[in-house]
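Visitor: Let me begin by handing over the structure; questions about it come next.
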Amino acid sequence: MKSADVTRIRLCDKTVREFNPVHKYNPRKGPRVALFYPAPYSVASQSLGFQLLYAYFVSYGVRVERFTYDSCGTSLESGKTLKEFDVVVVSSSFELDYPYLSEYLRKYGREGQRVIAGGIAPTSNPIPILDVVTNVVLADVEIAVPSVVDALFSGDWESFESLEFVVSGEDDEGKRAYANVAEEPLLSTQFVPLDFDPPWGKGFLVEVTRGCPWKCRFCLEGWVTKPFRQRDVEQVKRALANVRRPFEKVITISLSLGNYESVDEYLDSLIELKRKRKVQGSVPSLRLETVTEELLEKVKGLGQRTVTVAPETFDPLKARVLGKGYAPEFFKEKVSIINKLNLKLKVYMMVVPGEPARVTEGDAEVLKELAPGSHVSVNPLVPKPWTPLQGAPIPGEREERALSVFAEKLRYVDLYPVKWARLQAALGLARRPLGKHLAPTSDPEGLIRELNERGLISLKELESWRTDWDEPWLRFRVGDLKEIKRLGEDSYEAWKELISS
């Protein structure tokens with residue numbers, strides 16, 4: 001680790017050492033941009049979007065200063081205040097970022113700043129935050145950054161706002177723009193804190209695929225990032241050649257690693273990296289169809305000891321609602337392979353609105369029988385824009401009771417709180433701008449009630465199945481509307497059968 005690659009950053013009244021090979025190329029003069037991530041620095045450092053934006057802006061000769069939720073309104077680089085920047089770029093992946101975004105801009109920003117937001121959540125529905133940001137960009141980083149850079153150098157923001165993938169108001173229209181990742185450079189230089197470990201350790205992020213070939217009807221990222229695109233494995237291996245200490249592991253980013261056509265060669269490269277440089281590899285959740293003994297042997301060779309799978313349900317009718325689910329016999333077959341290799345198992349399950357108690361109990365019993373001792377994480381269905389299940393009811397008390405069944409029957413269980421799932425859905429499905437009314441809170445139900453009383457959301461509608469396909473966010477063409485609608489109607493018919501069975 002070269003001393004030139006180590007810098008010191010400011011987090012409020014604290015100074016932290018950071019490994020950062022990019023900082024020395026950050027120009028001192030020329031156009032400037034404030035890059036903000038509405039979460040703590042430790043989380044921001046493990047965001048691929050934030051890392052990509054930082055590296056891309058620097059490569060285009062733009063002076064970038066980073067801000068995170070815990071930086072007290074001053075930049076990590078120089079301590080300049082957010083108010084000193086004319087342009088703020090925001091990277092946001094989750095609806096629950098919005099209260100932090102709104103509060104930060106309100107507290108540290110100023111009138112007249114141009115705030116440009118992008119990310120999975122605002123791409124699916126820009127409307128909720130259009131009262132606190134100037135533009136939402138419906139494009140991959142590789143396409144968005146050059147367009148912002150052109151405007152920064154020329155000052156021609158009118159041409160920027162005329163781009164098809166730039167949204168400037170709730171009455172606008174727009175269309176998603178996708179990068180051909182096979183032709184784009186892979187992020188081979190990244191920053192990481194040295195004085196503490198981020199949530200997932202000191203990991204180097206490697207994106208091998210983007211998008212997903214499957215059609216799980218609840219998955220926002222899967223639908224908004226389609227089509228499925230793959231990195232050239234030689235390109236990936238060149239990026240891996242840069243990985244060394246202080247990085248302790250490689251974090252693989254892929255929605256469906258088993259469908260990567262070069263998965264074996266990629267995993268072999270990670271195994272070699274572990275052998276030569278003592279840097280472990282890790283893989284994300286694996287689709288059960290792609291789990292084989294050969295694949296898991298390689299995963300084990302990376303140093304990874306836990307395999308994560310997401311069956312969601314074992315009930316055939318519930319599986320039709322979700323567009324995902326497995327027969328118990330098939331799950332048992334895959335678990336036997338995992339057990340054979342002495343790997344630990346983590347399982348993700350899902351509860352759908354109004355599902356009968358026998359279905360919930362059946363799912364829990366299958367896990368109790370076939371995967372005893374496994375770590376189980378259970379989420380209520382959170383309807384998202386631009387997914388086939390965007391019209392499903394948001395979770396409530398009945399789903400809270402269903403979640404508790406898993407806790408009663410299984411030993412190691414995490415339950416995603418229904419109150420946060422409700423707020424997540426309410427923000428994501430908003431039909432009117434509401435960012436100005438948001439602030440971080442420990443009482444999401446209170447915030448939901450306030451938004452409902454102000455007429456910014458309708459709880460009555462959100463708690464019912466909505467079968468109209470005229471939602472305002474559908475003006476922003478970020479997916480295949482015909483296919484989403486077809487699968488959504490099928491899910492609704494299956495759900496009616498499920499709750500009456």
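The chains in the structure tokens are called A, B, ... from first to last as shown; in each chain the residues are counted from 1, and the ligands are counted from 1 in the order shown.
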Could you name the residues that touch segment 172-175 of chain A at 10 Å or less, counting only C-alpha atoms, but leaving out those on the same chain fewer than 3 positions away, as a VMD selection string?

Guide: chain A and resid 123 127 136 to 139 162 to 169 178 472 to 479

Visitor: With only C-alpha atoms as the counted atoms, please give the residues lying no more than 12 Å from Glu289 of chain A, apart from itself and same-chain residues fewer than 4 positions off, as an MDAnalysis selection string.

Guide: chainID A and resid 214 256:259 285 293 295 309:311 324:327 330:331 333:334

Visitor: Any chance you could export the current selection's N, CA, C and O atoms as a PDB file, in the first residue's frame?

Guide:
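Result written to selection03.pdb:
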ATOM      1  N   TRP A 214     -34.170 -13.401 -14.718  1.00  0.00           N
ATOM      2  CA  TRP A 214     -35.365 -13.969 -14.116  1.00  0.00           C
ATOM      3  C   TRP A 214     -36.453 -12.900 -13.985  1.00  0.00           C
ATOM      4  O   TRP A 214     -36.196 -11.722 -14.181  1.00  0.00           O
ATOM      5  N   SER A 256     -27.721 -12.531 -10.366  1.00  0.00           N
ATOM      6  CA  SER A 256     -27.843 -13.961 -10.643  1.00  0.00           C
ATOM      7  C   SER A 256     -26.503 -14.492 -11.126  1.00  0.00           C
ATOM      8  O   SER A 256     -26.295 -14.724 -12.325  1.00  0.00           O
ATOM      9  N   LEU A 257     -25.597 -14.704 -10.185  1.00  0.00           N
ATOM     10  CA  LEU A 257     -24.237 -15.105 -10.522  1.00  0.00           C
ATOM     11  C   LEU A 257     -24.212 -16.424 -11.286  1.00  0.00           C
ATOM     12  O   LEU A 257     -23.391 -16.614 -12.188  1.00  0.00           O
ATOM     13  N   GLY A 258     -25.116 -17.340 -10.938  1.00  0.00           N
ATOM     14  CA  GLY A 258     -25.129 -18.641 -11.600  1.00  0.00           C
ATOM     15  C   GLY A 258     -25.431 -18.567 -13.084  1.00  0.00           C
ATOM     16  O   GLY A 258     -25.152 -19.508 -13.824  1.00  0.00           O
ATOM     17  N   ASN A 259     -25.986 -17.451 -13.538  1.00  0.00           N
ATOM     18  CA  ASN A 259     -26.272 -17.272 -14.961  1.00  0.00           C
ATOM     19  C   ASN A 259     -25.150 -16.555 -15.708  1.00  0.00           C
ATOM     20  O   ASN A 259     -25.254 -16.352 -16.930  1.00  0.00           O
ATOM     21  N   SER A 285     -26.351 -14.026  -2.919  1.00  0.00           N
ATOM     22  CA  SER A 285     -27.385 -15.065  -2.903  1.00  0.00           C
ATOM     23  C   SER A 285     -27.414 -15.790  -4.242  1.00  0.00           C
ATOM     24  O   SER A 285     -27.314 -15.175  -5.304  1.00  0.00           O
ATOM     25  N   GLU A 293     -23.037 -29.029  -7.011  1.00  0.00           N
ATOM     26  CA  GLU A 293     -21.914 -29.374  -6.147  1.00  0.00           C
ATOM     27  C   GLU A 293     -20.623 -28.738  -6.662  1.00  0.00           C
ATOM     28  O   GLU A 293     -19.797 -28.258  -5.879  1.00  0.00           O
ATOM     29  N   LEU A 295     -20.279 -25.924  -8.374  1.00  0.00           N
ATOM     30  CA  LEU A 295     -20.278 -24.491  -8.075  1.00  0.00           C
ATOM     31  C   LEU A 295     -19.944 -24.247  -6.606  1.00  0.00           C
ATOM     32  O   LEU A 295     -19.125 -23.381  -6.266  1.00  0.00           O
ATOM     33  N   VAL A 309     -29.551 -18.543  -0.065  1.00  0.00           N
ATOM     34  CA  VAL A 309     -30.531 -18.825  -1.121  1.00  0.00           C
ATOM     35  C   VAL A 309     -31.846 -18.159  -0.731  1.00  0.00           C
ATOM     36  O   VAL A 309     -32.076 -17.843   0.437  1.00  0.00           O
ATOM     37  N   ALA A 310     -32.716 -17.967  -1.719  1.00  0.00           N
ATOM     38  CA  ALA A 310     -33.975 -17.261  -1.453  1.00  0.00           C
ATOM     39  C   ALA A 310     -35.138 -18.002  -2.108  1.00  0.00           C
ATOM     40  O   ALA A 310     -35.637 -17.582  -3.167  1.00  0.00           O
ATOM     41  N   PRO A 311     -35.605 -19.068  -1.483  1.00  0.00           N
ATOM     42  CA  PRO A 311     -36.748 -19.788  -2.061  1.00  0.00           C
ATOM     43  C   PRO A 311     -38.043 -18.990  -2.003  1.00  0.00           C
ATOM     44  O   PRO A 311     -38.938 -19.193  -2.803  1.00  0.00           O
ATOM     45  N   LYS A 324     -41.922 -16.737  -8.044  1.00  0.00           N
ATOM     46  CA  LYS A 324     -40.768 -17.466  -7.532  1.00  0.00           C
ATOM     47  C   LYS A 324     -41.206 -18.356  -6.381  1.00  0.00           C
ATOM     48  O   LYS A 324     -42.028 -17.949  -5.552  1.00  0.00           O
ATOM     49  N   GLY A 325     -40.646 -19.549  -6.322  1.00  0.00           N
ATOM     50  CA  GLY A 325     -40.977 -20.491  -5.263  1.00  0.00           C
ATOM     51  C   GLY A 325     -40.573 -21.881  -5.712  1.00  0.00           C
ATOM     52  O   GLY A 325     -40.381 -22.123  -6.919  1.00  0.00           O
ATOM     53  N   TYR A 326     -40.441 -22.804  -4.765  1.00  0.00           N
ATOM     54  CA  TYR A 326     -39.900 -24.126  -5.084  1.00  0.00           C
ATOM     55  C   TYR A 326     -40.648 -25.219  -4.346  1.00  0.00           C
ATOM     56  O   TYR A 326     -41.116 -25.011  -3.214  1.00  0.00           O
ATOM     57  N   ALA A 327     -40.700 -26.389  -4.964  1.00  0.00           N
ATOM     58  CA  ALA A 327     -41.251 -27.558  -4.295  1.00  0.00           C
ATOM     59  C   ALA A 327     -40.307 -27.980  -3.172  1.00  0.00           C
ATOM     60  O   ALA A 327     -39.081 -27.879  -3.328  1.00  0.00           O
ATOM     61  N   PHE A 330     -37.387 -30.234  -4.227  1.00  0.00           N
ATOM     62  CA  PHE A 330     -36.285 -29.582  -4.927  1.00  0.00           C
ATOM     63  C   PHE A 330     -35.384 -28.848  -3.934  1.00  0.00           C
ATOM     64  O   PHE A 330     -34.150 -28.915  -4.028  1.00  0.00           O
ATOM     65  N   PHE A 331     -35.976 -28.166  -2.983  1.00  0.00           N
ATOM     66  CA  PHE A 331     -35.215 -27.467  -1.946  1.00  0.00           C
ATOM     67  C   PHE A 331     -34.374 -28.459  -1.152  1.00  0.00           C
ATOM     68  O   PHE A 331     -33.194 -28.217  -0.868  1.00  0.00           O
ATOM     69  N   GLU A 333     -33.175 -31.293  -2.114  1.00  0.00           N
ATOM     70  CA  GLU A 333     -32.058 -31.743  -2.953  1.00  0.00           C
ATOM     71  C   GLU A 333     -30.892 -30.753  -2.897  1.00  0.00           C
ATOM     72  O   GLU A 333     -29.724 -31.143  -2.780  1.00  0.00           O
ATOM     73  N   LYS A 334     -31.193 -29.464  -2.946  1.00  0.00           N
ATOM     74  CA  LYS A 334     -30.138 -28.454  -2.924  1.00  0.00           C
ATOM     75  C   LYS A 334     -29.521 -28.320  -1.536  1.00  0.00           C
ATOM     76  O   LYS A 334     -28.305 -28.125  -1.395  1.00  0.00           O
TER      77      LYS A 334
END

Visitor: Hey, can you check how far atom CA of Cys212 of chain A sits from atom CA of Pro227 of chain A?

Guide: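 Separation of atom CA of Cys212 of chain A and atom CA of Pro227 of chain A: 6.6 Å.
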
Visitor: For segment 340-352 of chain A, work out the shell of residues within 6 Å, counting only C-alpha atoms and skipping chain neighbours fewer than 6 positions away, then give it as a PyMOL selection string.

Guide: chain A and resi 305-310+312+374-381

Visitor: Write the residues you've just listed into a file as a PDB file, in the first residue's frame, and include N, CA, C and O atoms for each of them.

Guide:
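Contents of part_37.pdb, as written:
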ATOM      1  N   ARG A 305     -18.069 -19.423   3.929  1.00  0.00           N
ATOM      2  CA  ARG A 305     -18.585 -20.547   4.703  1.00  0.00           C
ATOM      3  C   ARG A 305     -20.106 -20.602   4.752  1.00  0.00           C
ATOM      4  O   ARG A 305     -20.680 -21.554   5.262  1.00  0.00           O
ATOM      5  N   THR A 306     -20.767 -19.573   4.239  1.00  0.00           N
ATOM      6  CA  THR A 306     -22.234 -19.545   4.254  1.00  0.00           C
ATOM      7  C   THR A 306     -22.755 -19.346   2.837  1.00  0.00           C
ATOM      8  O   THR A 306     -22.252 -18.498   2.097  1.00  0.00           O
ATOM      9  N   VAL A 307     -23.748 -20.136   2.485  1.00  0.00           N
ATOM     10  CA  VAL A 307     -24.418 -20.002   1.191  1.00  0.00           C
ATOM     11  C   VAL A 307     -25.813 -19.437   1.445  1.00  0.00           C
ATOM     12  O   VAL A 307     -26.550 -19.929   2.302  1.00  0.00           O
ATOM     13  N   THR A 308     -26.150 -18.392   0.687  1.00  0.00           N
ATOM     14  CA  THR A 308     -27.464 -17.760   0.835  1.00  0.00           C
ATOM     15  C   THR A 308     -28.339 -18.101  -0.359  1.00  0.00           C
ATOM     16  O   THR A 308     -27.903 -17.979  -1.511  1.00  0.00           O
ATOM     17  N   VAL A 309     -29.551 -18.543  -0.065  1.00  0.00           N
ATOM     18  CA  VAL A 309     -30.531 -18.825  -1.121  1.00  0.00           C
ATOM     19  C   VAL A 309     -31.846 -18.159  -0.731  1.00  0.00           C
ATOM     20  O   VAL A 309     -32.076 -17.843   0.437  1.00  0.00           O
ATOM     21  N   ALA A 310     -32.716 -17.967  -1.719  1.00  0.00           N
ATOM     22  CA  ALA A 310     -33.975 -17.261  -1.453  1.00  0.00           C
ATOM     23  C   ALA A 310     -35.138 -18.002  -2.108  1.00  0.00           C
ATOM     24  O   ALA A 310     -35.637 -17.582  -3.167  1.00  0.00           O
ATOM     25  N   GLU A 312     -38.194 -18.117  -1.018  1.00  0.00           N
ATOM     26  CA  GLU A 312     -39.362 -17.248  -0.783  1.00  0.00           C
ATOM     27  C   GLU A 312     -40.582 -18.013  -0.285  1.00  0.00           C
ATOM     28  O   GLU A 312     -41.261 -17.583   0.635  1.00  0.00           O
ATOM     29  N   SER A 374     -30.643 -23.441  10.280  1.00  0.00           N
ATOM     30  CA  SER A 374     -30.268 -22.422   9.301  1.00  0.00           C
ATOM     31  C   SER A 374     -30.710 -21.040   9.776  1.00  0.00           C
ATOM     32  O   SER A 374     -31.674 -20.907  10.527  1.00  0.00           O
ATOM     33  N   HIS A 375     -30.015 -20.040   9.302  1.00  0.00           N
ATOM     34  CA  HIS A 375     -30.402 -18.656   9.575  1.00  0.00           C
ATOM     35  C   HIS A 375     -31.471 -18.273   8.566  1.00  0.00           C
ATOM     36  O   HIS A 375     -31.248 -18.345   7.364  1.00  0.00           O
ATOM     37  N   VAL A 376     -32.628 -17.852   9.052  1.00  0.00           N
ATOM     38  CA  VAL A 376     -33.750 -17.524   8.172  1.00  0.00           C
ATOM     39  C   VAL A 376     -34.098 -16.042   8.317  1.00  0.00           C
ATOM     40  O   VAL A 376     -34.236 -15.529   9.431  1.00  0.00           O
ATOM     41  N   SER A 377     -34.219 -15.362   7.186  1.00  0.00           N
ATOM     42  CA  SER A 377     -34.623 -13.961   7.170  1.00  0.00           C
ATOM     43  C   SER A 377     -35.961 -13.870   6.427  1.00  0.00           C
ATOM     44  O   SER A 377     -36.083 -14.378   5.309  1.00  0.00           O
ATOM     45  N   VAL A 378     -36.956 -13.254   7.076  1.00  0.00           N
ATOM     46  CA  VAL A 378     -38.299 -13.217   6.501  1.00  0.00           C
ATOM     47  C   VAL A 378     -38.730 -11.761   6.296  1.00  0.00           C
ATOM     48  O   VAL A 378     -38.663 -10.945   7.220  1.00  0.00           O
ATOM     49  N   ASN A 379     -39.170 -11.454   5.082  1.00  0.00           N
ATOM     50  CA  ASN A 379     -39.623 -10.105   4.730  1.00  0.00           C
ATOM     51  C   ASN A 379     -41.087 -10.137   4.323  1.00  0.00           C
ATOM     52  O   ASN A 379     -41.528 -11.079   3.658  1.00  0.00           O
ATOM     53  N   PRO A 380     -41.837  -9.103   4.672  1.00  0.00           N
ATOM     54  CA  PRO A 380     -43.155  -8.953   4.065  1.00  0.00           C
ATOM     55  C   PRO A 380     -42.981  -8.426   2.646  1.00  0.00           C
ATOM     56  O   PRO A 380     -41.998  -7.731   2.354  1.00  0.00           O
ATOM     57  N   LEU A 381     -43.903  -8.758   1.768  1.00  0.00           N
ATOM     58  CA  LEU A 381     -43.866  -8.218   0.417  1.00  0.00           C
ATOM     59  C   LEU A 381     -43.998  -6.697   0.479  1.00  0.00           C
ATOM     60  O   LEU A 381     -44.911  -6.161   1.105  1.00  0.00           O
TER      61      LEU A 381
END

Visitor: Using only C-alpha atoms, pick whichever of A:Pro395, A:Gly119, A:Gly435, A:Pro372 has the shortest atom-to-atom distance to Val413 of chain A.

Guide: A:Pro372

Visitor: Tell me, as a ChimeraX atom specification, which residues lie within 6 Å of Pro38 of chain A, counting only C-alpha atoms; anything in the same chain fewer than 5 positions away does not count.

Guide: /A:68-69,97,100-101

Visitor: Could you turn the residues from that selection into a file that holds N, CA, C and O atoms, as a PDB file, in the first residue's frame?

Guide:
ATOM      1  N   THR A  68     -21.390  12.703   3.068  1.00  0.00           N
ATOM      2  CA  THR A  68     -22.225  11.609   3.543  1.00  0.00           C
ATOM      3  C   THR A  68     -23.090  12.118   4.691  1.00  0.00           C
ATOM      4  O   THR A  68     -22.867  13.220   5.211  1.00  0.00           O
ATOM      5  N   TYR A  69     -24.063  11.327   5.081  1.00  0.00           N
ATOM      6  CA  TYR A  69     -25.016  11.800   6.082  1.00  0.00           C
ATOM      7  C   TYR A  69     -24.331  12.154   7.402  1.00  0.00           C
ATOM      8  O   TYR A  69     -24.810  13.014   8.144  1.00  0.00           O
ATOM      9  N   ASP A  97     -33.886   6.163   2.094  1.00  0.00           N
ATOM     10  CA  ASP A  97     -32.879   7.227   2.032  1.00  0.00           C
ATOM     11  C   ASP A  97     -33.528   8.605   1.995  1.00  0.00           C
ATOM     12  O   ASP A  97     -32.904   9.608   2.371  1.00  0.00           O
ATOM     13  N   TYR A 100     -33.460  11.138   4.908  1.00  0.00           N
ATOM     14  CA  TYR A 100     -32.109  11.620   5.178  1.00  0.00           C
ATOM     15  C   TYR A 100     -31.664  12.614   4.103  1.00  0.00           C
ATOM     16  O   TYR A 100     -31.014  13.624   4.403  1.00  0.00           O
ATOM     17  N   LEU A 101     -32.022  12.336   2.858  1.00  0.00           N
ATOM     18  CA  LEU A 101     -31.731  13.257   1.771  1.00  0.00           C
ATOM     19  C   LEU A 101     -32.415  14.600   1.999  1.00  0.00           C
ATOM     20  O   LEU A 101     -31.786  15.668   1.903  1.00  0.00           O
TER      21      LEU A 101
END

Visitor: Based on the backbone DSSP call, show me all residues of segment 86-229 of chain A assigned strand (DSSP E), as an MDAnalysis selection string.

Guide: chainID A and resid 87:91 114:118 135:137 166:167 174:175 192:193 203:207 209:210 229

Visitor: From the DSSP assignment of the backbone, select every residue of segment 48-283 of chain A that is helix (DSSP H, G or I), and format the answer as an NGL selection string.

Guide: :A and (48-59 or 82-84 or 95-108 or 120-124 or 127-129 or 141-154 or 157-161 or 181-183 or 220-224 or 233-240 or 257-259 or 263-277)

Visitor: What does the distance between atom CA of Ser102 of chain A and atom CA of Lys460 of chain A come to in Å, to one decimal place?

Guide: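 So the two atoms, atom CA of Ser102 of chain A and atom CA of Lys460 of chain A, lie 25.7 Å apart.
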
Visitor: With a distance cut-off of 9 Å and only C-alpha atoms, select the neighbouring residues of Leu498 of chain A, excluding the residue or stretch itself and same-chain residues fewer than 4 positions from it, and output the selection as a list in words.

Guide: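 These residues fall inside the cut-off: Leu317, Lys318, Val321, Gly354, Glu355, Pro356, Val359, Glu493 and Ala494 of chain A.
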
Visitor: Please indicate the distance in Å from atom CA of Ala402 of chain A to atom CA of Trp465 of chain A, rounded to one decimal place.

Guide: 18.7 Å

Visitor: Measuring atom to atom with only C-alpha atoms, identify which of A:Arg358, A:Arg277, A:Arg231, A:Arg176 is nearest to Pro126 of chain A.

Guide: A:Arg176

Visitor: So that each row is one residue of segment 211-309 of chain A with an atom at most 12 Å from segment 185-195 of chain A, can you give its shortest atom pair and the distance in Å to one decimal, using only C-alpha atoms, rows by chain and rising number, as a tab-separated table?

Guide:
residue	atom	partner	partner_atom	distance
A:Gln230	CA	A:Leu186	CA	11.4
A:Arg231	CA	A:Leu186	CA	8.3
A:Asp232	CA	A:Leu186	CA	9.7
A:Val233	CA	A:Leu186	CA	10.7
A:Glu234	CA	A:Leu186	CA	10.7
A:Gln235	CA	A:Leu186	CA	7.0
A:Val236	CA	A:Leu186	CA	7.0
A:Lys237	CA	A:Leu186	CA	10.0
A:Arg238	CA	A:Ser188	CA	8.1
A:Ala239	CA	A:Ser188	CA	4.8
A:Leu240	CA	A:Ser188	CA	7.5
A:Ala241	CA	A:Ser188	CA	8.7
A:Asn242	CA	A:Ser188	CA	6.6
A:Val243	CA	A:Ser188	CA	8.1
A:Arg244	CA	A:Thr189	CA	11.0
A:Arg245	CA	A:Leu194	CA	10.4
A:Pro246	CA	A:Leu194	CA	7.5
A:Phe247	CA	A:Val192	CA	7.9
A:Glu248	CA	A:Val192	CA	10.7
A:Lys249	CA	A:Val192	CA	11.8
A:Val250	CA	A:Ser188	CA	11.8
A:Ile253	CA	A:Leu187	CA	11.9

Visitor: Contacts of Trp469 of chain A at 9 Å or less, counting only C-alpha atoms, minus same-chain residues fewer than 3 places along, as a list in words?

Guide: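 The contact residues come out as Gly391, Arg466, Leu474 and Lys485 of chain A.
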
Visitor: Dump N, CA, C and O atoms for the selected residues as a tab-separated table (two decimals), in the first residue's frame?

Guide:
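Result written to out_11.tsv:
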chain	number	residue	atom	x	y	z
A	391	GLY	N	-49.20	-3.14	-7.59
A	391	GLY	CA	-50.55	-2.89	-7.11
A	391	GLY	C	-50.94	-3.67	-5.87
A	391	GLY	O	-52.08	-3.54	-5.38
A	466	ARG	N	-54.55	-2.65	-5.97
A	466	ARG	CA	-54.86	-1.64	-6.98
A	466	ARG	C	-54.66	-2.24	-8.37
A	466	ARG	O	-53.55	-2.59	-8.75
A	474	LEU	N	-45.61	5.61	-14.48
A	474	LEU	CA	-45.49	4.83	-15.71
A	474	LEU	C	-45.20	5.72	-16.92
A	474	LEU	O	-44.91	5.22	-18.01
A	485	LYS	N	-47.44	-5.61	-16.83
A	485	LYS	CA	-48.90	-5.62	-16.65
A	485	LYS	C	-49.44	-7.05	-16.79
A	485	LYS	O	-50.29	-7.47	-16.00

Visitor: Under the rule that only C-alpha atoms are counted, which of A:Glu95, A:Glu18, A:Asp480, A:Glu272 is the nearest residue to Pro198 of chain A?

Guide: A:Glu18
